[in-house]
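J.: One structure, as C-alpha cells, below. Some questions next.
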Amino acid sequence: MYPTPTTDVSRRLARAWLWLGVAALIGSGLLAILLVLSRTPGIQDVFPLKDFFRAALVVHVDQSVLIWFMAFAAVLWSVGGSGDLAGLGWVSFVLAAVGTAVMTVSPFVPDSQPLLNNYIPMLRQPLFVAGLLVCGSGFALAITRALLTVRPGGLDDMAGAMRLGLLLAAATGAIAFAGFVVSWLEAPAYEGQAYYETLFWGGGHTLQFQHTLLLAVAWLWLGAHLDVAPPISARVIAALLLVTALPVLAAPVIYLVAPVGSAQHIVDFAQLMVWGHPLMLPLVILAGLSLWRSWGRRDDPAQSALVCSVVLFAVGGILAYMIQGTNVVIPAHYHGSIVGVTLAFMGLTYVLLPQLGFGVAKGPMARWQPYVYGGGQLLHVLGLAWSGGYGIQRKVAGAEQMLASLPQKLGMGLMGLGGVIAIIGGLMFVLVCWRAMAGSASRRNQ
C-alpha cells in the first residue's frame, strides 16, 4: 500500500499545490523553447538571443527545478500528512503562488541583470528578489507544516515506510533552508554572482538530498501502484531511507567548522555530494529490479515513467564521475539527475490525479509521454556530454559557444534535437494533466 489523503483538507491542499507545480512547468516549457533554439547550430545565428538566453535560463531553472520540485514535495506532504494546521497550509500555498507569479513576470522588467549562479540562479533586480523571498517563505512554511503533520506510524507496512521518507525529506528541507539563512547572515560581502554563489552553495547542496529522498519515495509509490513492491520488508526499506538521509547530518557540521564562502566550505559540500549520494544505490537497484517485474503493466503511464526515471537518473549519476573542468558535461549530469526526479514526479502525478478528485490519466498520450520526454532528454544529455568532451563551455549560447569542429556541431545538434523532443514530451504531460484536472473541475461546476 501507499499513502492516500485521509481528509478533505489534505486533498484540497494537495490539489492546489499540484496546480502550482503544473503551472510552473508550463512557464518553464515555454522558456525552454527559446533556450534550445539559442544553442542549436544553424538556428542560433538567426535569433540574437544572447541577453535573453541568460534571463530566460534563470527563470526556466527556477521554475522547472525549484518551484516544480518544491510544489510537488508539498503535494506529497499534503497527501501523506494529516489535515491539521490547515490555515498554515493555505498561507504557505498563497505565499508560494504569489512569489512564483512575481518571479515569472520579473524578466520583462527592464535591466534584469541575470546571474547564472548554481542552484537558484538570480535576476539582480528588486522585483525578482522580492518574489523569491515571498515564494521561499511559502515553501519554508510548507516544510514546517510537514514536520508537524506527517506521522510515519508503524513501519510494518510500505505506507509507513514511505511516510518516514516524506518526514526525512521535510527534515532535510528544513536543514537546507536553515543553511540559506546562516549563509545570508555570514556570507562575505562579495559582489554580484559570487555573492549568490556563496549564499546558495551549502543550502543548495543539502536540498538535493531532499529531492533524492522524495525520488526514492516516488519509486516506491509507483512500484506499489504497479503491484511490484520490493522483495524486502518495509522495515528494511525504512532503514535504507534513513541511510540515504544520513549524510545530511554533516551539513550543520560543515557550517560550524568551515566559514561560509571559504574554500573549505565549498570543498566540503562538494565532497558531501560525492560521498553522500552513492548511499542511495541500494534503493536505485531495487527500483531497477522493479522494472522487470512491472513489464506486464506497459499500458499504465506509471510504468513508463518508472522506466524512464530510473534510466535518466542512472545516466546522470554516471556522468557526475566524468566531470572535468567547467564544460557542458556538468549540465549533462544534472539534467540527467533532475529529469530522473521529474519523470518520477510525473508518473506519480498520474497515480495521484484520481485520488485527488481529478480525472484518470489514460490513453496513448499518457502512456507514451514519459518515453517522449525521457527519450528527448536522454538525447539532450548525451549531446551535452559529447560536446563537453570537445570543450564546449557551459552557460553560453550563440556565437559564444565557438562551434568550430564537426564533432562539436554534431554534439550540440543532438542536444538541440533532444531538447525539441523533450519539449514535445513536456507539452504532452501538460495536456494530459490539463485534460484530467480542468475536465474534472468543469464537471464539478455543472
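Going through the C-alpha cells in order, the chains are called A, B, and so on, while each chain numbers its residues from 1 and the ligands are numbered from 1 in the order shown.
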Name the residues of segment 5-168 of chain A that fall into alpha helix (DSSP H) according to DSSP on the backbone, using the chain letters and numbers of this document, as number ranges by chain.
T.: A: 8-37, 50-61, 68-80, 86-105, 126-149, 158-168
J.: Residues within 10 Å of Met428 of chain A, please, as a list in words. Count only C-alpha atoms; anything in the same chain fewer than 4 positions from it doesn't count.
T.: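 Counting only C-alpha atoms, the residues come to Met365, Ala366, Trp368, Gln369, Pro370, Val372, Tyr373, Ala422, Ile423, Ile424, Val432, Cys433 and Trp434 of chain A.
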J.: Quick one: distance from atom CA of Ala169 of chain A to atom CA of Leu213 of chain A in Å, one decimal?
T.: 5.7 Å
J.: Counting only C-alpha atoms, which residue out of A:Ala438, A:Ala159, A:Val430, A:Ile254 sits closest to Leu30 of chain A?
T.: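 Under the stated criterion, the closest residue is A:Val430.
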J.: Got a sec: who's within 7 Å of segment 69-79 of chain A, counting only C-alpha atoms, leaving out chain neighbours fewer than 4 positions off, as a PyMOL selection string?
T.: chain A and resi 3-5+10-11+13-14+17-18+20-21+65+139+142+146+150+166
J.: Can you spit out the residues from that selection as a PDB file, in the first residue's frame, using C-alpha atoms?
T.:
ATOM      1  CA  PRO A   3      -0.232   6.865   1.482  1.00  0.00           C
ATOM      2  CA  THR A   4      -3.595   8.296   0.479  1.00  0.00           C
ATOM      3  CA  PRO A   5      -5.199  11.604   1.514  1.00  0.00           C
ATOM      4  CA  SER A  10      -5.323  17.195   2.741  1.00  0.00           C
ATOM      5  CA  ARG A  11      -6.912  16.553  -0.619  1.00  0.00           C
ATOM      6  CA  LEU A  13      -4.207  21.352  -0.311  1.00  0.00           C
ATOM      7  CA  ALA A  14      -2.607  18.694  -2.499  1.00  0.00           C
ATOM      8  CA  TRP A  17      -0.014  22.565  -4.840  1.00  0.00           C
ATOM      9  CA  LEU A  18      -0.334  20.355  -7.921  1.00  0.00           C
ATOM     10  CA  LEU A  20       1.076  25.411  -8.896  1.00  0.00           C
ATOM     11  CA  GLY A  21       3.581  22.750  -9.951  1.00  0.00           C
ATOM     12  CA  VAL A  65      13.583  22.767 -10.526  1.00  0.00           C
ATOM     13  CA  PHE A 139       7.905  26.733   0.965  1.00  0.00           C
ATOM     14  CA  ALA A 142       5.104  24.083   3.921  1.00  0.00           C
ATOM     15  CA  ALA A 146       5.068  18.744   7.031  1.00  0.00           C
ATOM     16  CA  VAL A 150       3.484  13.801   8.633  1.00  0.00           C
ATOM     17  CA  LEU A 166       8.425  12.045   3.448  1.00  0.00           C
TER      18      LEU A 166
END
J.: What's the 8 Å shell around Trp219 of chain A, counting only C-alpha atoms, without same-chain residues fewer than 5 positions away, as a list of chain:residue names?
T.: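 The neighbour list is A:Ala287, A:Leu306, A:Ala344.
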J.: Restricted to N, CA, C and O atoms, what would the selected residues look like written as a PDB file, in the first residue's frame?
T.:
ATOM      1  N   ALA A 287      14.749  -0.153  -7.374  1.00  0.00           N
ATOM      2  CA  ALA A 287      13.885   0.438  -8.405  1.00  0.00           C
ATOM      3  C   ALA A 287      14.140  -0.221  -9.751  1.00  0.00           C
ATOM      4  O   ALA A 287      13.207  -0.498 -10.518  1.00  0.00           O
ATOM      5  N   LEU A 306       8.320   5.137 -14.551  1.00  0.00           N
ATOM      6  CA  LEU A 306       9.291   4.449 -13.705  1.00  0.00           C
ATOM      7  C   LEU A 306      10.508   4.024 -14.521  1.00  0.00           C
ATOM      8  O   LEU A 306      11.660   4.213 -14.095  1.00  0.00           O
ATOM      9  N   ALA A 344       9.834  10.749 -12.332  1.00  0.00           N
ATOM     10  CA  ALA A 344       9.176  10.043 -11.229  1.00  0.00           C
ATOM     11  C   ALA A 344       7.986  10.850 -10.717  1.00  0.00           C
ATOM     12  O   ALA A 344       6.912  10.291 -10.437  1.00  0.00           O
TER      13      ALA A 344
END
J.: Considering only C-alpha atoms, can you say which of A:Val134, A:Val381, A:Val102, A:Cys308 comes closest to Gly347 of chain A?
T.: A:Cys308
J.: I'd like the contact shell of Leu88 of chain A - 12 Å cut-off, only C-alpha atoms, skipping same-chain residues fewer than 6 positions apart - returned as a list in words.
T.: Val9, Leu13, Ser78, Val94, Leu95, Ser137, Gly138, Phe139, Ala140, Leu141, Ala142, Ile143, Thr144, Arg145, Ala146, Leu148 and Thr149 of chain A
J.: Set out as a tab-separated table a contact list for segment 262-334 of chain A and segment 177-191 of chain A with a cut-off of 12 Å, giving each residue of segment 262-334 of chain A that qualifies its closest atom pair and distance in Å to one decimal, counting only C-alpha atoms, ordered by chain and rising residue number.
T.:
residue	atom	partner	partner_atom	distance
A:Ser262	CA	A:Pro188	CA	9.2
A:His265	CA	A:Ser183	CA	10.8
A:Phe269	CA	A:Gly179	CA	11.6
J.: How would the residues just chosen look if you wrote them out with N, CA, C and O atoms as an mmCIF file, in the first residue's frame?
T.:
data_model
loop_
_atom_site.group_PDB
_atom_site.id
_atom_site.type_symbol
_atom_site.label_atom_id
_atom_site.label_comp_id
_atom_site.auth_asym_id
_atom_site.auth_seq_id
_atom_site.Cartn_x
_atom_site.Cartn_y
_atom_site.Cartn_z
ATOM 1 N N SER A 262 34.377 30.187 2.459
ATOM 2 C CA SER A 262 35.769 29.740 2.464
ATOM 3 C C SER A 262 35.959 28.594 1.495
ATOM 4 O O SER A 262 35.001 27.897 1.105
ATOM 5 N N HIS A 265 34.679 25.375 2.969
ATOM 6 C CA HIS A 265 33.218 25.285 2.916
ATOM 7 C C HIS A 265 32.773 24.766 1.551
ATOM 8 O O HIS A 265 31.919 23.869 1.462
ATOM 9 N N PHE A 269 31.158 20.768 0.959
ATOM 10 C CA PHE A 269 29.816 20.487 0.438
ATOM 11 C C PHE A 269 29.887 19.727 -0.890
ATOM 12 O O PHE A 269 29.024 18.885 -1.177
#
J.: So which one's closest to Val420 of chain A, A:Pro278, A:Ile33, A:Gly359, A:Pro331? Using only C-alpha atoms, please.
T.: A:Ile33
J.: Excluding Arg293 of chain A and any residue of its chain fewer than 6 positions from it, enumerate the residues within 12 Å of it, using only C-alpha atoms, and give them as a list in words.
T.: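 Residues near the query, excluding close chain neighbours: Gly223, Ala224, Leu226, Asp227, Val228, Ala229, Pro230, Pro231, Leu286, Ala287, Gln303, Leu306 and Val307 of chain A.
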J.: How would the residues just chosen look if you wrote them out with C-alpha atoms as a PDB file, in the first residue's frame?
T.:
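The new file again.pdb reads:
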ATOM      1  CA  GLY A 223       6.061   0.234  -7.505  1.00  0.00           C
ATOM      2  CA  ALA A 224       3.233  -0.190  -5.000  1.00  0.00           C
ATOM      3  CA  LEU A 226       2.052  -1.331 -10.117  1.00  0.00           C
ATOM      4  CA  ASP A 227       1.960  -4.186  -7.567  1.00  0.00           C
ATOM      5  CA  VAL A 228       5.728  -4.679  -7.764  1.00  0.00           C
ATOM      6  CA  ALA A 229       6.748  -3.756  -4.224  1.00  0.00           C
ATOM      7  CA  PRO A 230      10.403  -4.560  -3.375  1.00  0.00           C
ATOM      8  CA  PRO A 231      11.001  -8.164  -2.238  1.00  0.00           C
ATOM      9  CA  LEU A 286      15.579  -2.002  -6.003  1.00  0.00           C
ATOM     10  CA  ALA A 287      13.885   0.438  -8.405  1.00  0.00           C
ATOM     11  CA  GLN A 303       5.218   2.071 -15.592  1.00  0.00           C
ATOM     12  CA  LEU A 306       9.291   4.449 -13.705  1.00  0.00           C
ATOM     13  CA  VAL A 307      11.383   3.036 -16.556  1.00  0.00           C
TER      14      VAL A 307
END
